[in-house]
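Colleague: The file below is my_file-v1.cif, mmCIF, C-alpha atoms and all ligand atoms:
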```cif
data_my_file
#
loop_
_atom_site.label_atom_id
_atom_site.label_comp_id
_atom_site.auth_asym_id
_atom_site.auth_seq_id
_atom_site.Cartn_x
_atom_site.Cartn_y
_atom_site.Cartn_z
CA MET A 1 -64.05 67.60 47.23
CA ASP A 2 -60.47 66.71 47.87
CA THR A 3 -60.29 63.10 49.23
CA GLN A 4 -56.54 62.84 49.44
CA THR A 5 -55.11 62.29 52.89
CA PRO A 6 -52.61 64.86 53.74
CA SER A 7 -49.11 63.36 53.88
CA THR A 8 -47.30 63.38 57.14
CA THR A 9 -43.63 64.00 57.52
CA THR A 10 -41.60 62.84 60.47
CA VAL A 11 -38.90 65.17 61.42
CA LYS A 12 -36.04 63.83 63.51
CA HIS A 13 -34.82 66.18 66.07
CA GLU A 14 -31.25 65.22 66.83
CA CYS A 15 -29.56 66.79 69.70
CA PRO A 16 -26.50 68.29 68.18
CA GLY A 17 -23.30 67.32 69.93
CA ALA A 18 -24.88 64.45 72.03
CA THR A 19 -25.58 61.36 69.81
CA PRO A 20 -22.46 61.34 67.66
CA PRO A 21 -20.10 61.16 70.63
CA ARG A 22 -22.19 58.43 72.24
CA ARG A 23 -22.25 56.48 69.00
CA ALA A 24 -18.53 56.95 68.61
CA PHE A 25 -17.99 55.82 72.17
CA PHE A 26 -19.94 52.59 71.64
CA ARG A 27 -18.13 52.00 68.37
CA TRP A 28 -14.83 52.48 70.17
CA LEU A 29 -15.96 50.23 73.05
CA THR A 30 -17.06 47.51 70.63
CA GLY A 31 -13.72 47.66 68.89
CA LEU A 32 -11.86 47.48 72.19
CA LEU A 33 -13.87 44.49 73.40
CA GLY A 34 -13.38 42.76 70.06
CA ALA A 35 -9.64 43.35 70.11
CA THR A 36 -9.44 42.10 73.71
CA ALA A 37 -11.40 38.95 72.92
CA THR A 38 -9.24 38.30 69.85
CA GLY A 39 -6.09 38.73 71.90
CA LEU A 40 -7.31 36.42 74.64
CA LEU A 41 -8.12 33.75 72.08
CA THR A 42 -4.96 34.18 70.04
CA LEU A 43 -2.30 34.38 72.74
CA PRO A 44 -2.63 30.78 73.98
CA ILE A 45 -2.52 29.52 70.38
CA LEU A 46 0.60 31.54 69.62
CA GLY A 47 2.11 30.42 72.90
CA TYR A 48 1.46 26.78 72.02
CA PHE A 49 3.37 27.07 68.75
CA PHE A 50 6.15 29.50 69.63
CA ALA A 51 6.72 29.46 73.37
CA ARG A 52 10.00 28.11 74.64
CA ARG A 53 10.19 26.51 78.05
CA THR A 54 12.33 28.79 80.13
CA ARG A 55 11.96 27.18 83.54
CA PRO A 56 15.16 25.71 84.95
CA ALA A 57 15.63 21.96 84.63
CA MET A 58 14.66 19.85 87.64
CA TRP A 59 16.72 16.70 88.05
CA VAL A 60 15.41 13.50 89.54
CA GLU A 61 17.79 10.90 90.96
CA MET A 62 17.33 7.41 89.53
CA GLY A 63 19.95 5.59 91.58
CA ALA A 64 23.62 4.73 91.82
CA LEU A 65 25.38 3.53 88.66
CA ALA A 66 25.90 0.16 90.31
CA ASP A 67 22.12 -0.29 90.41
CA PHE A 68 22.01 -0.67 86.63
CA PRO A 69 23.45 -3.97 85.35
CA LEU A 70 24.80 -3.86 81.83
CA GLY A 71 22.18 -4.55 79.16
CA GLU A 72 19.25 -4.87 81.58
CA THR A 73 16.16 -2.69 81.41
CA ARG A 74 14.88 -1.44 84.73
CA THR A 75 11.60 0.38 85.28
CA ILE A 76 11.80 3.18 87.81
CA ASN A 77 8.68 4.88 89.13
CA PHE A 78 8.86 8.25 90.82
CA ASP A 79 6.81 11.26 91.84
CA ASN A 80 7.33 13.86 89.14
CA PRO A 81 8.41 17.19 90.68
CA LEU A 82 6.70 18.98 87.78
CA ARG A 83 3.36 18.00 89.27
CA GLN A 84 0.56 20.47 89.90
CA PRO A 85 -1.50 20.34 93.10
CA TRP A 86 -4.46 18.91 91.20
CA ASP A 87 -2.46 16.13 89.47
CA GLY A 88 -3.05 13.58 92.21
CA MET A 89 -2.03 10.05 91.25
CA THR A 90 -1.11 11.12 87.73
CA SER A 91 2.05 12.77 89.05
CA LEU A 92 3.38 9.27 89.64
CA THR A 93 5.23 8.42 86.47
CA GLY A 94 8.06 6.20 85.36
CA VAL A 95 10.91 5.66 82.97
CA HIS A 96 12.64 2.61 81.55
CA VAL A 97 16.40 2.71 82.04
CA ARG A 98 18.97 0.56 80.28
CA TYR A 99 22.70 0.77 80.97
CA GLN A 100 24.58 0.38 77.72
CA GLY A 101 28.13 0.38 79.03
CA GLN A 102 30.86 2.87 78.27
CA GLY A 103 31.07 4.72 75.00
CA ASP A 104 34.18 5.36 72.91
CA ASP A 105 34.83 8.40 75.08
CA GLY A 106 34.88 6.24 78.22
CA LYS A 107 31.67 7.77 79.53
CA GLU A 108 28.70 5.78 80.77
CA GLN A 109 25.87 5.41 78.28
CA PHE A 110 22.24 5.04 79.24
CA LEU A 111 19.03 4.62 77.33
CA VAL A 112 16.27 6.36 79.28
CA LEU A 113 12.79 6.03 77.77
CA ALA A 114 9.63 7.76 78.95
CA ALA A 115 6.91 5.36 80.04
CA ASN A 116 4.31 7.21 77.95
CA CYS A 117 3.22 5.48 74.77
CA ALA A 118 3.80 7.69 71.71
CA HIS A 119 0.22 7.06 70.61
CA LEU A 120 -2.03 8.40 73.38
CA GLY A 121 0.27 8.28 76.37
CA CYS A 122 -0.67 5.08 78.21
CA PRO A 123 2.18 3.69 80.30
CA VAL A 124 4.00 0.96 78.42
CA SER A 125 5.35 -2.12 80.22
CA TRP A 126 8.65 -3.89 79.70
CA PHE A 127 8.56 -7.63 78.98
CA PRO A 128 12.09 -9.04 79.35
CA GLN A 129 10.95 -12.46 78.09
CA SER A 130 10.19 -11.06 74.66
CA GLY A 131 12.48 -8.04 74.83
CA LEU A 132 9.60 -5.73 73.95
CA PHE A 133 7.69 -2.82 75.42
CA MET A 134 3.95 -3.22 75.08
CA CYS A 135 1.12 -0.76 75.50
CA PRO A 136 -2.04 -2.09 77.17
CA CYS A 137 -4.36 0.46 75.55
CA HIS A 138 -4.28 -0.24 71.82
CA GLY A 139 -1.57 -2.82 71.38
CA GLY A 140 1.40 -0.63 70.50
CA VAL A 141 4.69 -2.53 70.58
CA TYR A 142 8.26 -1.20 70.79
CA TYR A 143 11.66 -2.87 70.51
CA GLU A 144 14.06 -2.79 73.46
CA THR A 145 15.71 0.26 71.91
CA GLY A 146 12.40 2.12 72.13
CA GLU A 147 11.85 2.08 68.37
CA ARG A 148 8.34 1.41 67.18
CA ALA A 149 7.69 -2.24 66.28
CA SER A 150 3.97 -2.32 65.49
CA GLY A 151 0.57 -0.90 66.30
CA PRO A 152 -0.85 2.63 66.20
CA PRO A 153 2.07 4.63 67.69
CA PRO A 154 3.44 6.96 64.99
CA ARG A 155 7.00 6.82 66.34
CA GLY A 156 9.23 5.24 68.97
CA LEU A 157 9.22 5.96 72.69
CA PHE A 158 10.39 9.39 73.80
CA HIS A 159 13.94 9.68 75.11
CA CYS A 160 14.55 11.48 78.39
CA VAL A 161 17.43 13.82 79.09
CA TRP A 162 19.84 12.26 81.59
CA ARG A 163 23.20 12.85 83.22
CA VAL A 164 25.59 11.16 85.61
CA LYS A 165 26.39 13.22 88.66
CA ASP A 166 28.38 12.13 91.70
CA GLY A 167 28.15 8.49 90.66
CA LYS A 168 24.38 8.59 90.27
CA LEU A 169 22.07 8.63 87.28
CA GLU A 170 19.75 11.60 87.11
CA ILE A 171 17.07 12.50 84.58
CA GLU A 172 15.49 15.81 83.78
CA ALA A 173 11.95 15.74 85.20
CA PRO A 174 9.84 14.87 82.17
CA HIS A 175 6.78 16.80 81.09
CA TYR A 176 4.08 14.92 79.18
CA PRO A 177 5.75 14.23 75.83
CA THR A 178 3.96 14.84 72.55
CA LEU A 179 4.92 14.67 68.88
CA HIS A 180 5.39 18.46 68.87
CA ASP A 181 7.02 18.76 72.28
CA THR A 182 9.36 15.85 72.82
CA LEU A 183 11.58 15.54 75.88
CA THR A 184 14.84 16.15 74.07
CA GLY A 185 13.63 18.62 71.46
CA SER A 186 15.99 18.96 68.51
CA LEU A 187 18.37 16.42 70.04
CA GLU A 188 15.91 13.66 69.32
CA SER A 189 15.72 12.04 65.94
S1 LIG A 201 -1.90 4.55 73.78
FE1 LIG A 201 -0.46 3.02 73.33
S2 LIG A 201 -1.16 2.12 71.52
FE2 LIG A 201 -2.62 3.66 71.96
#
```
Go ahead and express the file in the form of structure tokens.
Ligand code: FES
Modeller:
Amino acid sequence: MDTQTPSTTTVKHECPGATPPRRAFFRWLTGLLGATATGLLTLPILGYFFARRTRPAMWVEMGALADFPLGETRTINFDNPLRQPWDGMTSLTGVHVRYQGQGDDGKEQFLVLAANCAHLGCPVSWFPQSGLFMCPCHGGVYYETGERASGPPPRGLFHCVWRVKDGKLEIEAPHYPTLHDTLTGSLES
């Protein structure tokens, strides 16, 4: 007597002309979604490294030239016109301005330093008694020229772009300065 179980064979019945297009469609859709996700993730990164600011400069008036005595550092606070609606109090910023007299070309010379510490951005204060800028957050110290004196900041204070127009000092509205995006770009050492 034959005790072997008869083998069974499964036969796939594929509908010709239906599955391959569906499979191809999902493969195509997966590729499209993958490419879209990659693009969405990559564009901001590329923009961070290669984008150039193209918006026109906005100038903020700091005061008449007579308001800046020679060799004195004045702190000027203002509402930054670059603010966003959600910035709130953080749109209030400041700069430290020092009139340095006339240059060899007879033009007025100013030192305009952003208030943001070059370490993590805390507002630095000017201490005329010691002739130093000091950061309250981690003890960063800068000389009156804005150069780094001590502490964690990796560099000196950021210099703002300024101009004299109609007898008044104006500065270009400063964005938040970073090591990779300073306020004066290639002009700054
Ligand atoms: S933020 Fe100024 S020393 Fe850290």
Colleague: Report as an MDAnalysis selection string which protein, DNA and RNA residues come within 9 Å of ligand LIG 201 (chain A), using all atoms listed in the file.
Modeller: chainID A and resid 116:124 134:141 151:153
Colleague: Taking into account only C-alpha atoms, which residue in the set A:Pro128, A:Gly146, A:Gly106, A:Gly94 is nearest to A:His175?
Modeller: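 Looking at the shortest contact to A:His175, the residue is A:Gly94.
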Colleague: Just how far from atom CA of A:Phe127 is atom CA of A:Glu144, in Å to one decimal?
Modeller: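 These atoms are spaced 9.2 Å apart.
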Colleague: Got a sec: who's within 9 Å of stretch 70-86 of chain A, counting only C-alpha atoms, leaving out chain neighbours fewer than 6 positions off, as a ChimeraX atom specification?
Modeller: /A:58-60,62,92-101,111,115,125-126,128,144,173-175
Colleague: Find the residues around A:Val161 up to 8 Å (all atoms listed in the file counted), leave out those fewer than 6 positions away in its own chain, and share them as a PyMOL selection string.
Modeller: chain A and resi 112+171-172+183-184
Colleague: What is the distance between atom CA of A:Arg155 and atom CA of A:Glu108, in Å to one decimal?
Modeller: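 Going from atom CA of A:Arg155 over to atom CA of A:Glu108 covers 26.1 Å.
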